[in-house]
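The data block below is model_35.cif; it holds mmCIF, C-alpha atoms.
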data_start
loop_
_atom_site.label_atom_id
_atom_site.label_comp_id
_atom_site.auth_asym_id
_atom_site.auth_seq_id
_atom_site.Cartn_x
_atom_site.Cartn_y
_atom_site.Cartn_z
CA MET A 1 -42.69 136.24 -30.75
CA ALA A 2 -44.29 133.76 -28.40
CA ILE A 3 -48.03 133.75 -27.94
CA ALA A 4 -48.81 134.74 -24.37
CA LEU A 5 -51.87 132.94 -23.09
CA ALA A 6 -53.94 134.90 -20.62
CA TYR A 7 -53.16 133.96 -17.06
CA ALA A 8 -56.28 133.52 -14.99
CA GLY A 9 -55.02 132.69 -11.51
CA PRO A 10 -54.10 129.46 -9.72
CA GLN A 11 -54.15 126.41 -11.97
CA CYS A 12 -53.48 122.73 -11.76
CA PRO A 13 -49.69 122.57 -12.27
CA ARG A 14 -50.12 119.33 -14.20
CA CYS A 15 -52.91 120.05 -16.70
CA GLY A 16 -53.23 123.84 -16.47
CA ILE A 17 -56.94 123.95 -15.68
CA VAL A 18 -57.97 126.94 -13.55
CA LEU A 19 -58.78 125.87 -10.01
CA THR A 20 -61.73 127.36 -8.20
CA ALA A 21 -61.61 128.39 -4.53
CA ASP A 22 -63.37 125.10 -3.60
CA HIS A 23 -60.34 123.11 -4.70
CA LEU A 24 -57.71 125.27 -3.05
CA ARG A 25 -56.55 123.95 0.30
CA ASN A 26 -53.29 123.12 2.05
CA GLY A 27 -51.90 119.63 1.61
CA ILE A 28 -52.45 117.17 -1.20
CA ILE A 29 -54.92 118.36 -3.83
CA THR A 30 -56.29 116.12 -6.57
CA CYS A 31 -57.08 117.95 -9.78
CA PRO A 32 -60.79 117.59 -10.65
CA ILE A 33 -59.97 117.25 -14.36
CA CYS A 34 -56.77 115.21 -14.68
CA VAL A 35 -57.30 113.44 -11.32
CA ARG A 36 -53.58 113.62 -10.49
CA PRO A 37 -52.31 114.79 -7.11
CA PHE A 38 -49.99 117.62 -6.16
CA GLU A 39 -48.94 119.19 -2.88
CA ALA A 40 -50.03 122.77 -2.28
CA THR A 41 -49.78 125.64 0.15
CA VAL A 42 -52.56 128.18 -0.17
CA PHE A 43 -52.18 131.86 0.63
CA THR A 44 -54.97 134.37 0.78
CA PRO A 45 -53.43 137.76 0.14
CA PRO A 46 -55.99 140.36 1.17
CA GLU A 47 -56.84 143.10 -1.29
CA ARG A 48 -54.41 145.95 -1.20
CA PRO A 49 -55.78 148.82 0.84
CA ARG A 50 -56.87 151.55 -1.55
CA VAL A 51 -55.33 154.85 -0.57
CA ALA A 52 -57.12 157.95 -1.75
CA VAL A 53 -54.66 160.60 -2.89
CA ALA A 54 -55.78 164.18 -2.87
CA GLU A 55 -56.01 165.53 -6.41
CA THR A 56 -54.41 168.80 -5.49
CA HIS A 57 -50.99 167.84 -4.24
CA VAL A 58 -49.80 171.38 -3.80
CA VAL A 59 -46.07 171.78 -4.13
CA ALA A 60 -44.76 175.13 -3.18
CA GLY A 61 -42.49 176.73 -5.73
CA PRO A 62 -41.30 180.22 -6.48
CA VAL A 63 -44.05 182.77 -7.08
CA GLU A 64 -43.26 183.00 -10.77
CA ALA A 65 -43.07 179.21 -11.19
CA ASN A 66 -44.99 177.62 -14.04
CA ALA A 67 -48.10 175.69 -13.20
CA CYS A 68 -48.41 171.97 -13.93
CA ALA A 69 -50.32 171.27 -17.15
CA ASN A 70 -52.52 168.73 -15.39
CA HIS A 71 -52.86 170.32 -11.96
CA ALA A 72 -53.21 174.06 -12.19
CA ARG A 73 -52.67 174.58 -8.45
CA ASN A 74 -49.35 172.72 -8.44
CA ALA A 75 -46.05 174.29 -9.36
CA ALA A 76 -44.21 172.48 -12.16
CA VAL A 77 -41.03 170.81 -11.01
CA THR A 78 -39.79 169.69 -14.41
CA SER A 79 -40.84 169.23 -18.03
CA CYS A 80 -41.58 166.02 -19.89
CA ALA A 81 -38.51 164.70 -21.74
CA ARG A 82 -40.68 163.71 -24.70
CA CYS A 83 -43.32 166.40 -25.19
CA GLY A 84 -41.97 169.22 -23.03
CA LEU A 85 -45.13 169.58 -20.96
CA PHE A 86 -44.66 171.22 -17.56
CA ILE A 87 -45.39 168.63 -14.87
CA CYS A 88 -45.62 168.66 -11.09
CA SER A 89 -44.18 166.06 -8.73
CA LEU A 90 -47.52 164.24 -8.78
CA CYS A 91 -47.37 163.74 -12.57
CA GLU A 92 -43.64 163.14 -12.88
CA MET A 93 -42.80 159.61 -13.99
CA ASN A 94 -39.08 159.14 -13.60
CA VAL A 95 -37.56 155.68 -13.95
CA GLY A 96 -33.97 156.79 -14.14
CA THR A 97 -33.86 157.82 -17.80
CA GLY A 98 -35.60 161.16 -17.51
CA SER A 99 -38.95 162.56 -16.47
CA TYR A 100 -42.05 161.84 -18.48
CA CYS A 101 -45.64 163.02 -18.20
CA PRO A 102 -48.12 160.16 -17.59
CA SER A 103 -49.39 159.99 -21.18
CA CYS A 104 -45.88 159.97 -22.69
CA PHE A 105 -44.81 157.39 -20.14
CA ASP A 106 -47.65 155.11 -21.25
CA ARG A 107 -46.69 155.59 -24.90
CA VAL A 108 -42.95 154.92 -24.53
CA ARG A 109 -43.71 151.97 -22.32
CA ALA A 110 -46.09 150.53 -24.93
CA GLU A 111 -43.48 151.10 -27.65
CA GLY A 112 -40.90 149.27 -25.54
CA THR A 113 -38.36 152.07 -25.98
CA LEU A 114 -38.05 152.82 -22.28
CA ALA A 115 -35.33 150.38 -21.27
CA PRO A 116 -35.85 150.28 -17.48
CA VAL A 117 -39.52 149.29 -17.78
CA ALA A 118 -39.20 147.05 -20.85
CA THR A 119 -40.17 143.47 -20.05
CA ARG A 120 -38.99 142.09 -23.38
CA TYR A 121 -35.71 142.95 -25.02
CA ARG A 122 -33.26 141.59 -27.58
CA ASP A 123 -30.43 139.49 -26.19
CA TRP A 124 -27.40 140.86 -28.05
CA ALA A 125 -25.03 138.59 -26.14
CA SER A 126 -26.68 135.45 -27.55
CA ILE A 127 -26.63 136.88 -31.08
CA ALA A 128 -22.94 137.78 -30.72
CA ARG A 129 -22.05 134.31 -29.41
CA LEU A 130 -23.89 132.55 -32.23
CA THR A 131 -22.45 134.80 -34.94
CA ALA A 132 -18.89 134.35 -33.69
CA ILE A 133 -19.11 130.57 -33.24
CA VAL A 134 -21.01 129.76 -36.44
CA GLY A 135 -18.75 132.20 -38.28
CA LEU A 136 -15.75 130.04 -37.39
CA LEU A 137 -17.07 127.38 -39.80
CA PHE A 138 -16.98 129.71 -42.83
CA TYR A 139 -13.41 130.96 -42.99
CA ILE A 140 -13.97 132.58 -46.39
CA PHE A 141 -16.35 135.05 -44.74
CA TRP A 142 -14.31 135.58 -41.56
CA PRO A 143 -13.69 139.32 -41.97
CA PHE A 144 -17.41 140.00 -42.51
CA VAL A 145 -18.70 137.58 -39.90
CA GLY A 146 -16.04 138.76 -37.46
CA GLY A 147 -17.06 142.37 -37.99
CA LEU A 148 -20.69 141.48 -37.43
CA ALA A 149 -19.86 139.47 -34.31
CA LEU A 150 -17.78 142.36 -32.99
CA PHE A 151 -20.68 144.77 -33.56
CA PHE A 152 -23.10 142.47 -31.70
CA ALA A 153 -20.54 141.86 -28.95
CA VAL A 154 -20.17 145.61 -28.35
CA LYS A 155 -23.96 145.89 -28.04
CA GLY A 156 -24.01 142.83 -25.81
CA MET A 157 -21.25 144.27 -23.67
CA ARG A 158 -23.19 147.53 -23.26
CA GLN A 159 -26.36 145.61 -22.39
CA ARG A 160 -24.55 143.49 -19.81
CA LYS A 161 -23.01 146.60 -18.28
CA GLU A 162 -26.45 148.21 -17.94
CA GLN A 163 -27.77 145.05 -16.31
CA GLY A 164 -24.79 144.81 -13.97
CA ARG A 165 -23.84 141.35 -15.25
CA SER A 166 -20.50 139.72 -15.95
CA ARG A 167 -18.92 140.78 -19.26
CA ILE A 168 -16.26 138.06 -19.46
CA GLY A 169 -18.27 136.06 -22.02
CA MET A 170 -18.61 139.08 -24.27
CA ALA A 171 -14.89 139.81 -23.95
CA ILE A 172 -14.16 136.26 -25.18
CA VAL A 173 -16.59 136.72 -28.08
CA MET A 174 -14.81 139.98 -28.94
CA LEU A 175 -11.47 138.19 -29.00
CA ILE A 176 -12.90 135.48 -31.29
CA ALA A 177 -14.37 138.17 -33.55
CA ILE A 178 -11.07 140.04 -33.74
CA GLY A 179 -9.35 136.72 -34.46
CA GLU A 180 -11.79 136.07 -37.28
CA ILE A 181 -11.17 139.51 -38.77
CA VAL A 182 -7.38 139.18 -38.57
CA GLY A 183 -7.47 135.56 -39.74
CA GLY A 184 -9.73 136.48 -42.66
CA ILE A 185 -7.44 139.31 -43.73
CA VAL A 186 -4.44 136.96 -43.55
CA ILE A 187 -6.28 134.36 -45.66
CA TYR A 188 -7.29 136.98 -48.24
CA GLY A 189 -3.74 138.32 -48.27
CA PHE A 190 -2.38 134.84 -48.79
CA MET A 191 -4.87 134.21 -51.60
CA VAL A 192 -3.88 137.46 -53.36
CA TRP A 193 -0.19 136.65 -52.88
CA ALA A 194 -0.65 133.10 -54.24
CA PHE A 195 -2.69 134.37 -57.17
CA THR A 196 -0.15 137.02 -58.20
CA ARG A 197 2.69 134.54 -57.78
CA GLY A 198 0.81 132.08 -59.99
CA ILE A 199 0.42 134.68 -62.77
CA LYS A 200 4.17 135.43 -62.79
CA MET B 1 -34.24 147.18 -14.15
CA ILE B 2 -32.44 144.00 -13.12
CA ASP B 3 -31.79 143.68 -9.42
CA PRO B 4 -28.02 143.10 -8.97
CA ASN B 5 -28.61 141.36 -5.63
CA ARG B 6 -30.89 138.66 -6.96
CA THR B 7 -29.95 135.02 -6.46
CA LEU B 8 -30.55 132.19 -8.87
CA LEU B 9 -33.10 129.69 -7.56
CA GLY B 10 -33.33 127.41 -10.56
CA LYS B 11 -32.94 127.12 -14.31
CA TRP B 12 -34.48 124.94 -16.95
CA SER B 13 -33.94 124.48 -20.66
CA SER B 14 -36.28 123.11 -23.27
CA PRO B 15 -35.94 123.03 -27.06
CA LEU B 16 -38.04 126.20 -27.24
CA ASN B 17 -36.70 128.33 -24.43
CA ARG B 18 -34.42 128.69 -21.43
CA VAL B 19 -35.92 129.81 -18.14
CA ARG B 20 -34.09 131.18 -15.11
CA VAL B 21 -35.85 132.04 -11.89
CA TYR B 22 -34.22 134.45 -9.45
CA GLN B 23 -35.09 135.37 -5.90
CA THR B 24 -35.24 139.08 -5.14
CA ALA B 25 -36.31 141.05 -2.09
CA GLU B 26 -39.78 141.71 -3.55
CA GLY B 27 -40.54 138.54 -5.43
CA LEU B 28 -39.42 136.02 -8.01
CA ASP B 29 -37.91 137.24 -11.27
CA VAL B 30 -38.57 134.92 -14.20
CA GLU B 31 -36.23 135.41 -17.14
CA THR B 32 -37.30 133.53 -20.26
CA HIS B 33 -34.87 133.38 -23.18
CA GLU B 34 -36.81 132.70 -26.37
CA HIS B 35 -34.34 132.46 -29.26
CA PHE B 36 -32.77 135.92 -29.20
CA GLU B 37 -35.29 137.68 -27.02
CA VAL B 38 -35.52 137.84 -23.27
CA ALA B 39 -38.86 138.24 -21.53
CA ASN B 40 -38.95 139.26 -17.87
CA THR B 41 -41.88 138.63 -15.59
CA ARG B 42 -42.15 138.97 -11.84
CA VAL B 43 -44.26 137.28 -9.21
CA PHE B 44 -44.50 139.44 -6.10
CA TYR B 45 -44.56 137.63 -2.77
CA GLU B 46 -47.47 139.84 -1.72
CA ASP B 47 -49.55 138.56 -4.63
CA VAL B 48 -48.89 134.83 -4.28
CA GLN B 49 -52.05 132.76 -3.97
CA LEU B 50 -50.77 129.21 -4.33
CA VAL B 51 -47.44 127.38 -4.21
CA THR B 52 -47.37 123.77 -5.41
CA ILE B 53 -44.85 120.97 -5.74
CA HIS B 54 -45.25 117.77 -7.69
CA ARG B 55 -43.21 115.20 -9.57
CA GLU B 56 -43.77 114.71 -13.27
CA TYR B 57 -42.32 112.31 -15.79
CA GLY B 58 -43.36 113.80 -19.14
CA THR B 59 -45.17 111.33 -21.37
CA LEU B 60 -43.93 112.89 -24.60
CA TYR B 61 -40.32 113.01 -23.38
CA LEU B 62 -40.40 109.39 -22.25
CA THR B 63 -42.08 108.25 -25.48
CA LEU B 64 -39.59 110.03 -27.72
CA THR B 65 -36.43 109.05 -25.87
CA GLY B 66 -37.77 105.50 -25.45
CA LEU B 67 -38.54 105.21 -29.16
CA PHE B 68 -35.12 106.48 -30.19
CA SER B 69 -33.22 104.20 -27.80
CA PHE B 70 -35.35 101.22 -28.84
CA GLY B 71 -34.85 102.06 -32.53
CA PHE B 72 -31.07 102.19 -32.22
CA LEU B 73 -31.06 98.99 -30.18
CA LEU B 74 -33.16 97.32 -32.87
CA LEU B 75 -30.71 98.42 -35.58
CA PHE B 76 -27.81 97.09 -33.55
CA GLY B 77 -29.64 93.81 -32.97
CA TYR B 78 -30.44 93.41 -36.63
CA MET B 79 -26.84 94.04 -37.71
CA ALA B 80 -25.51 91.77 -34.99
CA THR B 81 -27.61 88.89 -36.31
CA LEU B 82 -25.86 89.17 -39.67
CA GLY B 83 -22.93 87.47 -38.00
CA GLU B 84 -19.99 89.02 -39.83
CA ALA B 85 -17.37 90.34 -37.43
CA GLY B 86 -16.83 93.63 -39.28
CA VAL B 87 -20.55 94.38 -39.43
CA VAL B 88 -21.00 93.65 -35.73
CA ALA B 89 -18.13 95.99 -34.88
CA GLY B 90 -19.69 98.66 -37.10
CA ALA B 91 -23.03 98.15 -35.41
CA VAL B 92 -21.54 99.34 -32.14
CA ILE B 93 -21.92 102.87 -33.51
CA PHE B 94 -25.70 102.45 -33.18
CA ILE B 95 -25.27 101.60 -29.52
CA MET B 96 -23.20 104.75 -29.12
CA MET B 97 -25.87 106.82 -30.87
CA GLY B 98 -28.66 105.32 -28.83
CA LEU B 99 -26.86 105.61 -25.50
CA PRO B 100 -27.72 109.29 -24.77
CA PHE B 101 -31.39 108.58 -25.44
CA THR B 102 -31.31 105.51 -23.22
CA VAL B 103 -29.65 107.45 -20.39
CA ALA B 104 -32.17 110.28 -20.77
CA PHE B 105 -35.05 107.80 -20.77
CA LEU B 106 -33.83 105.91 -17.71
CA THR B 107 -33.01 109.00 -15.63
CA ARG B 108 -36.40 110.51 -16.35
CA ALA B 109 -38.22 107.21 -15.78
CA PHE B 110 -36.51 106.63 -12.41
CA TRP B 111 -36.17 110.14 -10.99
CA GLY B 112 -38.72 112.28 -12.80
CA VAL B 113 -38.65 116.06 -12.49
CA ASP B 114 -39.73 117.92 -9.36
CA VAL B 115 -41.73 121.00 -10.28
CA VAL B 116 -42.35 123.92 -7.94
CA THR B 117 -44.98 126.34 -9.24
CA VAL B 118 -45.77 129.72 -7.73
CA PHE B 119 -49.08 131.24 -8.74
CA GLY B 120 -49.52 134.97 -8.23
CA ARG B 121 -52.44 137.23 -9.01
CA ARG B 122 -51.17 138.17 -12.46
CA SER B 123 -48.29 135.82 -13.23
CA LYS B 124 -46.71 132.53 -12.28
CA ALA B 125 -43.22 131.10 -11.94
CA THR B 126 -42.19 127.50 -12.50
CA LEU B 127 -39.00 125.91 -11.22
CA ARG B 128 -37.93 122.44 -12.33
CA PHE B 129 -35.37 120.22 -10.62
CA LYS B 130 -34.10 117.09 -12.37
CA PHE B 131 -31.82 115.58 -9.78
CA ARG B 132 -31.75 117.75 -6.64
CA LYS B 133 -34.97 116.55 -5.02
CA ARG B 134 -34.03 117.76 -1.57
CA HIS B 135 -33.14 121.16 -2.98
CA ALA B 136 -36.57 121.31 -4.68
CA ARG B 137 -38.23 120.69 -1.33
CA GLU B 138 -36.02 123.34 0.30
CA VAL B 139 -36.88 125.88 -2.39
CA TYR B 140 -40.57 125.10 -1.93
CA GLY B 141 -40.29 125.71 1.82
CA LYS B 142 -38.18 128.82 1.31
CA ILE B 143 -40.68 130.37 -1.11
CA CYS B 144 -43.57 129.58 1.25
CA ALA B 145 -41.70 131.22 4.14
CA LEU B 146 -40.84 134.31 2.09
CA VAL B 147 -44.43 134.67 0.92
CA ARG B 148 -45.77 134.26 4.43
CA ALA B 149 -43.38 136.88 5.79
CA ALA B 150 -44.05 139.35 2.97
CA GLN B 151 -47.82 139.05 3.26
CA ARG B 152 -47.68 139.44 7.03
CA VAL B 153 -45.70 142.68 6.71
CA ALA B 154 -47.49 144.12 3.68
CA PHE B 155 -50.99 143.69 5.03
CA ALA B 156 -50.42 144.53 8.66
CA PRO B 157 -52.86 147.20 9.92
CA PRO B 158 -51.37 150.64 9.19
CA ALA B 159 -50.17 152.72 12.10
CA GLU B 160 -51.71 156.13 12.75
CA ALA B 161 -50.03 158.65 10.49
CA SER B 162 -48.59 161.60 12.31
CA PRO B 163 -49.21 165.06 10.86
CA ALA B 164 -45.52 165.30 9.98
CA GLU B 165 -45.89 162.34 7.59
CA SER B 166 -48.78 163.88 5.69
CA LEU B 167 -48.38 163.81 1.90
CA ALA B 168 -48.87 167.48 1.15
CA PRO B 169 -46.27 169.82 2.59
CA PRO B 170 -47.56 173.03 4.18
CA ILE B 171 -47.94 175.92 1.78
CA PRO B 172 -45.60 178.78 2.66
CA ASP B 173 -47.08 182.24 3.03
CA SER B 174 -45.03 183.55 0.10
CA VAL B 175 -47.02 181.44 -2.40
CA LEU B 176 -49.98 183.26 -3.90
CA LEU B 177 -52.89 180.93 -4.37
CA PRO B 178 -55.81 181.70 -6.68
CA PRO B 179 -59.02 182.71 -4.91
CA PRO B 180 -61.29 179.76 -4.14
CA GLU B 181 -63.95 179.16 -6.77
CA GLN B 182 -67.48 180.00 -5.74
#

In structure tokens, write the structure found in this file.
Amino acid sequence: MAIALAYAGPQCPRCGIVLTADHLRNGIITCPICVRPFEATVFTPPERPRVAVAETHVVAGPVEANACANHARNAAVTSCARCGLFICSLCEMNVGTGSYCPSCFDRVRAEGTLAPVATRYRDWASIARLTAIVGLLFYIFWPFVGGLALFFAVKGMRQRKEQGRSRIGMAIVMLIAIGEIVGGIVIYGFMVWAFTRGIK
Amino acid sequence: MIDPNRTLLGKWSSPLNRVRVYQTAEGLDVETHEHFEVANTRVFYEDVQLVTIHREYGTLYLTLTGLFSFGFLLLFGYMATLGEAGVVAGAVIFIMMGLPFTVAFLTRAFWGVDVVTVFGRRSKATLRFKFRKRHAREVYGKICALVRAAQRVAFAPPAEASPAESLAPPIPDSVLLPPPEQ
């Protein structure tokens, strides 16, 4: 895993030193540390307006509806997919894979198990490509390497589908993997045949 | 979630990682492939504080490629001085091995790499262009325009909210509310 250095705002693109507001201006800027120039356009995004949300976001439900666990005055609209807590529309965190209460959402996000909000994930397509191509060099292990490549390719295919990306590359990897499996079986079969023929 | 409508702005490979930068409606998506992991970061147009462009040559890159090309040339020169026809012909292989390093050295030394960097509040995106210098300038202008437009829209003074747009819907009479606490 790469070490992520803390980002502290606009820097000199050449040496990485953090630039203070005094140095930020449109046009050619010379870095005060490395004394090398670069062209810049400065933007001053104002602070986002802070919107106060009323704590009691009352959602009308049936009379016998359950109350939200966090907001007693709100009717629960669903339950958390992880802990089962009744939650109102104010608490509901739904990113397409189910509704979570805020605390469970934080936990699954920290664990990295919530795919839509994960910022780091394994690239199965790369693993499948490498396994299939490197596997070609070791024909003795073709059935095993081919099986492994096929497994990774299926995962890669699923990942690409979820991301809405092209799956042609993974289809080619699958064909190579199947070829390795079939080729390996043929080689093993030939070896067994040659061995038994040699004994006779 | 990956935006299916994003467009590739630029890509860059180094021995350690491969970086692709995409343009989306909200900002720039930076996809960094590190071995077998992919890390996604995003720079929102609304958060951009600085956009820069500069040309760099890379001292380490130039030193390494220069050393390798010089080394292979030296080997070829040494073998060529031996004078035997067979050895000289064999020495050509060193020229062939040194050629990619020489080409890499010369292209970098003459053209350099144009780097566009976008600094946001919490993250940054870097785009590198080896040969397409005009395209680098276009991307720089395009990003500046997108940021300007997004910040103008996002931070425009809010219009008066009508009662119909209020967050809390009216409570129907059928709902029994607990008595107000004293």

I'd like the contact shell of Thr24 in chain B - 12 Å cut-off, all atoms listed in the file, skipping same-chain residues fewer than 2 positions apart - returned as an NGL selection string. :B and (2-9 or 21-22 or 26-30 or 42-45 or 143 or 146-147 or 150)

List the residues selected by the PyMOL selection byres ((chain B and resi 72-85) around 10) in the file shown, writing them as a ChimeraX atom specification. /B:67-71,86-99,101-102

For the residues in that selection, give me C-alpha atoms as an mmCIF file, keeping the file's coordinate frame.
data_model
loop_
_atom_site.group_PDB
_atom_site.id
_atom_site.type_symbol
_atom_site.label_atom_id
_atom_site.label_comp_id
_atom_site.auth_asym_id
_atom_site.auth_seq_id
_atom_site.Cartn_x
_atom_site.Cartn_y
_atom_site.Cartn_z
ATOM 1 C CA LEU B 67 -38.540 105.210 -29.160
ATOM 2 C CA PHE B 68 -35.120 106.480 -30.190
ATOM 3 C CA SER B 69 -33.220 104.200 -27.800
ATOM 4 C CA PHE B 70 -35.350 101.220 -28.840
ATOM 5 C CA GLY B 71 -34.850 102.060 -32.530
ATOM 6 C CA GLY B 86 -16.830 93.630 -39.280
ATOM 7 C CA VAL B 87 -20.550 94.380 -39.430
ATOM 8 C CA VAL B 88 -21.000 93.650 -35.730
ATOM 9 C CA ALA B 89 -18.130 95.990 -34.880
ATOM 10 C CA GLY B 90 -19.690 98.660 -37.100
ATOM 11 C CA ALA B 91 -23.030 98.150 -35.410
ATOM 12 C CA VAL B 92 -21.540 99.340 -32.140
ATOM 13 C CA ILE B 93 -21.920 102.870 -33.510
ATOM 14 C CA PHE B 94 -25.700 102.450 -33.180
ATOM 15 C CA ILE B 95 -25.270 101.600 -29.520
ATOM 16 C CA MET B 96 -23.200 104.750 -29.120
ATOM 17 C CA MET B 97 -25.870 106.820 -30.870
ATOM 18 C CA GLY B 98 -28.660 105.320 -28.830
ATOM 19 C CA LEU B 99 -26.860 105.610 -25.500
ATOM 20 C CA PHE B 101 -31.390 108.580 -25.440
ATOM 21 C CA THR B 102 -31.310 105.510 -23.220
#

One-decimal distance in Å that lies between CA of Val115 in chain B and CA of Gly9 in chain A: 17.7 Å

Show me, as a CSV table (one decimal) with C-alpha atoms, in the coordinates of the input, the residues that have an atom within 10 Å of range 120-123 of chain A when counting all atoms listed in the file, minus same-chain residues fewer than 6 positions from it.
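Writing the result to out32.csv gives the following:
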chain,number,residue,atom,x,y,z
A,112,GLY,CA,-40.9,149.3,-25.5
A,113,THR,CA,-38.4,152.1,-26.0
A,152,PHE,CA,-23.1,142.5,-31.7
A,155,LYS,CA,-24.0,145.9,-28.0
A,156,GLY,CA,-24.0,142.8,-25.8
A,159,GLN,CA,-26.4,145.6,-22.4
A,160,ARG,CA,-24.6,143.5,-19.8
B,31,GLU,CA,-36.2,135.4,-17.1
B,32,THR,CA,-37.3,133.5,-20.3
B,33,HIS,CA,-34.9,133.4,-23.2
B,34,GLU,CA,-36.8,132.7,-26.4
B,35,HIS,CA,-34.3,132.5,-29.3
B,36,PHE,CA,-32.8,135.9,-29.2
B,37,GLU,CA,-35.3,137.7,-27.0
B,38,VAL,CA,-35.5,137.8,-23.3
B,39,ALA,CA,-38.9,138.2,-21.5
B,40,ASN,CA,-39.0,139.3,-17.9
B,41,THR,CA,-41.9,138.6,-15.6

Can you list, as a PyMOL selection string, the residues that the PyMOL selection byres ((chain A and resi 169) around 12) selects here? chain A and resi 124-126+128-129+132+153-154+156-157+160+165-168+170-176
